[in-house]
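Okay, so here's the structure we're looking at.
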Number of protein chains: 2
Amino acid sequence: MQLPDAVTACALIIGNEILSGRTPDTNLNHLAVTLGGWGIQLREARVIPDIEAEIVTAVNEARRRFNYVFTTGGIGPTHDDITAECIAKAFGVPLKTHPEIAALIRQRPAPADVMESRMLMARVPEGAVLVDNATGGPPGFRVDNVIVMAGIPAVMRAMLATLEGKLDRGPVIQSRTVMAYLGESQIAAGLGKIQARYPDVDLGSYPFFRDNRYGASLVMRGPDAARLEQMLAEVCAVIVEAGETPHVEDAD
Amino acid sequence: MQLPDAVTACALIIGNEILSGRTPDTNLNHLAVTLGGWGIQLREARVIPDIEAEIVTAVNEARRRFNYVFTTGGIGPTHDDITAECIAKAFGVPLKTHPEIAALIRQRPAPADVMESRMLMARVPEGAVLVDNATGGPPGFRVDNVIVMAGIPAVMRAMLATLEGKLDRGPVIQSRTVMAYLGESQIAAGLGKIQARYPDVDLGSYPFFRDNRYGASLVMRGPDAARLEQMLAEVCAVIVEAGETPHVEDAD
């Protein structure tokens, strides 16, 4: 399903800790669900290490291919927090101390060396617009179509929430799901024929093994609720024809 | 940390259901941990949609940059299962029915149309080597350095397990972790100096908010246990110097 008026996004999850397996990522799913609700389709996600050249390349590729790029991770005060610097390099602009963040940081007193480290978090690429951080720490920022957020899930979520209503939006993709206990091969031919007649709806078949039985969830996704209902009826008919019972999930 | 003898990998998670947010991915973390234990470093992961051009491009980019590429998803019998076809296109070879898979599929009788759909799962790129599927379904396969597995987590895990001992391996990366309740800025300067002296060890600082307190986990990763111990002692000293208590986790 390629919609002409789609608004698309790419997620860049920056962090060695995800790639080493130490920390399971949870930001991707939250981003996918939240952006989907705003009419922004997540079309790709990349998990990349804390290596400057890789971050710069990934940002530059993604910002040209998608309407928005959301990064998570790497905006703290330690040596391994290199995201702001990489975004500045990707855009070819200098990194500058932002007076608003600097003022925020100075509100909490600290010894000179600690303050110096904290002030690293005040540096953003020239021209960046701040993204509020309701959890009290330093903000994220936005340069052109690239939105830079923290990696800590609670902080990322707080930053993302402040963007509601501030981004371009396309059609919101709705979905319907029907489940049946059967092997996908029993209905594969029928599903393929239905998909061919509905280029505006994605029909996904997701097999599972549960309660000692094989089954499949058939998921329809598209912008037009009426078309989803039509397709749902056809998919149910294919399941019944295979001698099985369709279990339709409630609509979103 | 760039090791000259590292064996690297990229994960390609193929599936609209991850990008739509319907299904949270769990395969990435399992791959990262398992490969890490085998001396293979996961260096990048990409989540991409069920779109031929994107899969072919991603596979071709990844197989040139990394020692191994592991794909998950898209090897069933339905219209949205296009991974085998895409791998064949990426390598410029035809898709052929593999006699061993075909024989396996024929063991379970089925009506002609169901059997025809099942037989789609017997098609692998010419020259592919099979990857056993202990769960009973059709196998995965390997072409050159690209290993193609199912998306269902239990099946992916079963397939991956059969590869133990059959892949090239580099040094196994070990890790040590120390936690302290402090703000990263209190120790950022000290950590940066330590990292500069240990180019063979990655020192990551991961802040968290737990039990109403801020803290950070300092994670050291490298191939040499003795070097990790040395660095750990230095990091603990920086924490103590900041007036806080280091909590060292047990070694792996």
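Ordered as shown in the structure tokens, chains take letters A, B, and onward, while each chain numbers its residues from 1 and ligands are numbered from 1 in the order shown.
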
So that I can see what lies close to Ser175 of chain A, please list as an MDAnalysis selection string the residues with an atom at most 12 Å from it, counting only C-alpha atoms and leaving out residues fewer than 4 positions away in the same chain.
(chainID A and resid 36:37 201:204 218:229 231:232 248:252) or (chainID B and resid 17 20:22)

Okay, now the selection with N, CA and C atoms, as a compact mmCIF listing (two decimals), in the first residue's frame?
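again-v9.txt, freshly written:
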# COMPACT_ATOMS: atom_id res chain seq x y z
N GLY A 36 1.77 6.38 14.10
CA GLY A 36 0.63 5.86 13.34
C GLY A 36 -0.66 6.57 13.69
N GLY A 37 -0.85 6.81 14.98
CA GLY A 37 -2.06 7.52 15.44
C GLY A 37 -2.11 8.96 14.96
N VAL A 201 -5.07 -1.58 0.22
CA VAL A 201 -5.10 -2.18 1.56
C VAL A 201 -3.96 -3.21 1.65
N ASP A 202 -3.21 -3.18 2.74
CA ASP A 202 -2.20 -4.23 2.98
C ASP A 202 -2.86 -5.38 3.72
N LEU A 203 -2.75 -6.57 3.16
CA LEU A 203 -3.27 -7.76 3.83
C LEU A 203 -2.07 -8.58 4.29
N GLY A 204 -1.87 -8.63 5.59
CA GLY A 204 -0.74 -9.38 6.13
C GLY A 204 -1.23 -10.66 6.78
N LEU A 218 -4.94 -12.56 10.26
CA LEU A 218 -4.97 -11.85 8.99
C LEU A 218 -5.27 -10.39 9.31
N VAL A 219 -4.34 -9.54 8.94
CA VAL A 219 -4.45 -8.13 9.32
C VAL A 219 -4.59 -7.27 8.07
N MET A 220 -5.64 -6.47 8.05
CA MET A 220 -5.88 -5.56 6.93
C MET A 220 -5.57 -4.15 7.39
N ARG A 221 -4.78 -3.42 6.62
CA ARG A 221 -4.42 -2.05 7.00
C ARG A 221 -4.61 -1.11 5.82
N GLY A 222 -5.33 -0.05 6.02
CA GLY A 222 -5.54 0.93 4.96
C GLY A 222 -6.26 2.14 5.52
N PRO A 223 -6.36 3.20 4.71
CA PRO A 223 -6.92 4.46 5.21
C PRO A 223 -8.45 4.50 5.19
N ASP A 224 -9.10 3.55 4.48
CA ASP A 224 -10.54 3.66 4.25
C ASP A 224 -11.28 2.54 4.98
N ALA A 225 -12.02 2.91 6.03
CA ALA A 225 -12.68 1.91 6.88
C ALA A 225 -13.66 1.03 6.09
N ALA A 226 -14.34 1.64 5.13
CA ALA A 226 -15.33 0.87 4.36
C ALA A 226 -14.65 -0.21 3.53
N ARG A 227 -13.51 0.13 2.94
CA ARG A 227 -12.75 -0.85 2.16
C ARG A 227 -12.26 -2.00 3.06
N LEU A 228 -11.86 -1.65 4.28
CA LEU A 228 -11.40 -2.69 5.22
C LEU A 228 -12.55 -3.65 5.52
N GLU A 229 -13.76 -3.11 5.72
CA GLU A 229 -14.91 -3.96 6.02
C GLU A 229 -15.19 -4.92 4.87
N MET A 231 -13.06 -5.98 2.58
CA MET A 231 -12.01 -6.99 2.49
C MET A 231 -12.16 -8.02 3.62
N LEU A 232 -12.51 -7.53 4.80
CA LEU A 232 -12.70 -8.43 5.95
C LEU A 232 -13.75 -9.50 5.62
N VAL A 248 -13.27 -12.61 14.41
CA VAL A 248 -12.99 -11.22 14.06
C VAL A 248 -12.72 -10.42 15.33
N GLU A 249 -11.60 -9.70 15.36
CA GLU A 249 -11.31 -8.83 16.51
C GLU A 249 -12.13 -7.55 16.38
N ASP A 250 -12.43 -6.94 17.52
CA ASP A 250 -13.13 -5.65 17.49
C ASP A 250 -12.31 -4.64 16.71
N ALA A 251 -12.99 -3.72 16.05
CA ALA A 251 -12.29 -2.65 15.33
C ALA A 251 -11.57 -1.76 16.36
N ASP A 252 -10.52 -1.07 15.88
CA ASP A 252 -9.75 -0.18 16.77
C ASP A 252 -10.67 0.81 17.47
N GLU B 17 4.43 -5.69 10.09
CA GLU B 17 3.76 -5.73 11.39
C GLU B 17 4.62 -5.10 12.49
N SER B 20 4.32 -1.19 11.74
CA SER B 20 3.00 -0.62 12.06
C SER B 20 2.81 -0.53 13.57
N GLY B 21 3.66 -1.22 14.32
CA GLY B 21 3.53 -1.23 15.78
C GLY B 21 2.63 -2.35 16.28
N ARG B 22 2.05 -3.13 15.36
CA ARG B 22 1.17 -4.21 15.78
C ARG B 22 1.92 -5.25 16.63

If we count only C-alpha atoms, which residues of chain A reach to within 6 Å of chain B? Please list them as a ChimeraX atom specification.
/A:19-21,24,29,32-33,42,44-48,77-79,114,117-118,185-186,188,192

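The interatomic distance for the pair atom CA of Pro94 of chain A and atom CA of Pro125 of chain A works out to 5.8 Å.
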
Using only C-alpha atoms, determine which residues lie at most 9 Å from Phe141 of chain A, disregarding the query and same-chain residues fewer than 5 positions distant; provide the list as number ranges by chain.
A: 84, 124-125, 128-132, 146-149

Write a file of the just-selected residues containing N, CA, C and O atoms, as an mmCIF file, in the first residue's frame.
data_model
loop_
_atom_site.group_PDB
_atom_site.id
_atom_site.type_symbol
_atom_site.label_atom_id
_atom_site.label_comp_id
_atom_site.auth_asym_id
_atom_site.auth_seq_id
_atom_site.Cartn_x
_atom_site.Cartn_y
_atom_site.Cartn_z
ATOM 1 N N ALA A 84 24.267 14.911 19.012
ATOM 2 C CA ALA A 84 24.131 16.321 18.614
ATOM 3 C C ALA A 84 25.240 16.711 17.635
ATOM 4 O O ALA A 84 24.992 17.345 16.598
ATOM 5 N N VAL A 124 23.617 22.432 20.698
ATOM 6 C CA VAL A 124 22.751 21.871 19.641
ATOM 7 C C VAL A 124 23.217 22.446 18.301
ATOM 8 O O VAL A 124 23.887 23.481 18.269
ATOM 9 N N PRO A 125 22.870 21.787 17.210
ATOM 10 C CA PRO A 125 23.265 22.321 15.895
ATOM 11 C C PRO A 125 22.640 23.707 15.683
ATOM 12 O O PRO A 125 21.507 23.950 16.106
ATOM 13 N N ALA A 128 18.746 24.830 15.400
ATOM 14 C CA ALA A 128 17.855 23.808 15.962
ATOM 15 C C ALA A 128 16.725 24.440 16.766
ATOM 16 O O ALA A 128 16.905 25.477 17.406
ATOM 17 N N VAL A 129 15.561 23.815 16.710
ATOM 18 C CA VAL A 129 14.403 24.219 17.511
ATOM 19 C C VAL A 129 14.295 23.209 18.649
ATOM 20 O O VAL A 129 14.438 22.004 18.419
ATOM 21 N N LEU A 130 14.059 23.667 19.870
ATOM 22 C CA LEU A 130 14.059 22.742 21.002
ATOM 23 C C LEU A 130 12.784 21.906 21.075
ATOM 24 O O LEU A 130 11.705 22.348 20.674
ATOM 25 N N VAL A 131 12.924 20.692 21.597
ATOM 26 C CA VAL A 131 11.795 19.795 21.870
ATOM 27 C C VAL A 131 11.724 19.645 23.389
ATOM 28 O O VAL A 131 12.663 19.133 24.004
ATOM 29 N N ASP A 132 10.640 20.127 23.980
ATOM 30 C CA ASP A 132 10.535 20.170 25.444
ATOM 31 C C ASP A 132 10.724 18.803 26.099
ATOM 32 O O ASP A 132 10.319 17.775 25.556
ATOM 33 N N VAL A 146 14.560 16.407 11.031
ATOM 34 C CA VAL A 146 15.172 15.419 11.934
ATOM 35 C C VAL A 146 14.884 15.805 13.382
ATOM 36 O O VAL A 146 15.221 16.917 13.808
ATOM 37 N N ILE A 147 14.271 14.891 14.113
ATOM 38 C CA ILE A 147 13.874 15.154 15.498
ATOM 39 C C ILE A 147 14.707 14.261 16.408
ATOM 40 O O ILE A 147 14.724 13.037 16.255
ATOM 41 N N VAL A 148 15.405 14.888 17.333
ATOM 42 C CA VAL A 148 16.412 14.203 18.138
ATOM 43 C C VAL A 148 15.917 14.089 19.573
ATOM 44 O O VAL A 148 15.662 15.105 20.224
ATOM 45 N N MET A 149 15.800 12.847 20.041
ATOM 46 C CA MET A 149 15.236 12.620 21.375
ATOM 47 C C MET A 149 16.177 11.760 22.223
ATOM 48 O O MET A 149 17.086 11.105 21.712
#

Residues of segment 113-194 of chain B in strand (DSSP E or B) according to DSSP, as a count of residues only?
21

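Residue nearest Pro4 of chain B, chosen from B:Ala158, B:Glu61, B:Glu85, B:Asp200 and counting only C-alpha atoms: B:Asp200.
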
Residue with the minimum atom-to-atom distance to Gly92 of chain A, picked from A:Ala180, A:Ala216, A:Ala9, A:Val143 with only C-alpha atoms counted, is A:Val143

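Look at Val7 of chain A: the protein and nucleic acid residues within 6 Å of it, using only C-alpha atoms and passing over chain neighbours fewer than 2 places away, are A:Ile40, A:Arg169, A:Gly170.
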
For Arg63 of chain B, which residue among B:Ala122, B:Phe91, B:Asn133, B:Leu3 is the nearest when counting only C-alpha atoms?
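Nearest candidate to Arg63 of chain B out of B:Ala122, B:Phe91, B:Asn133, B:Leu3: B:Phe91.
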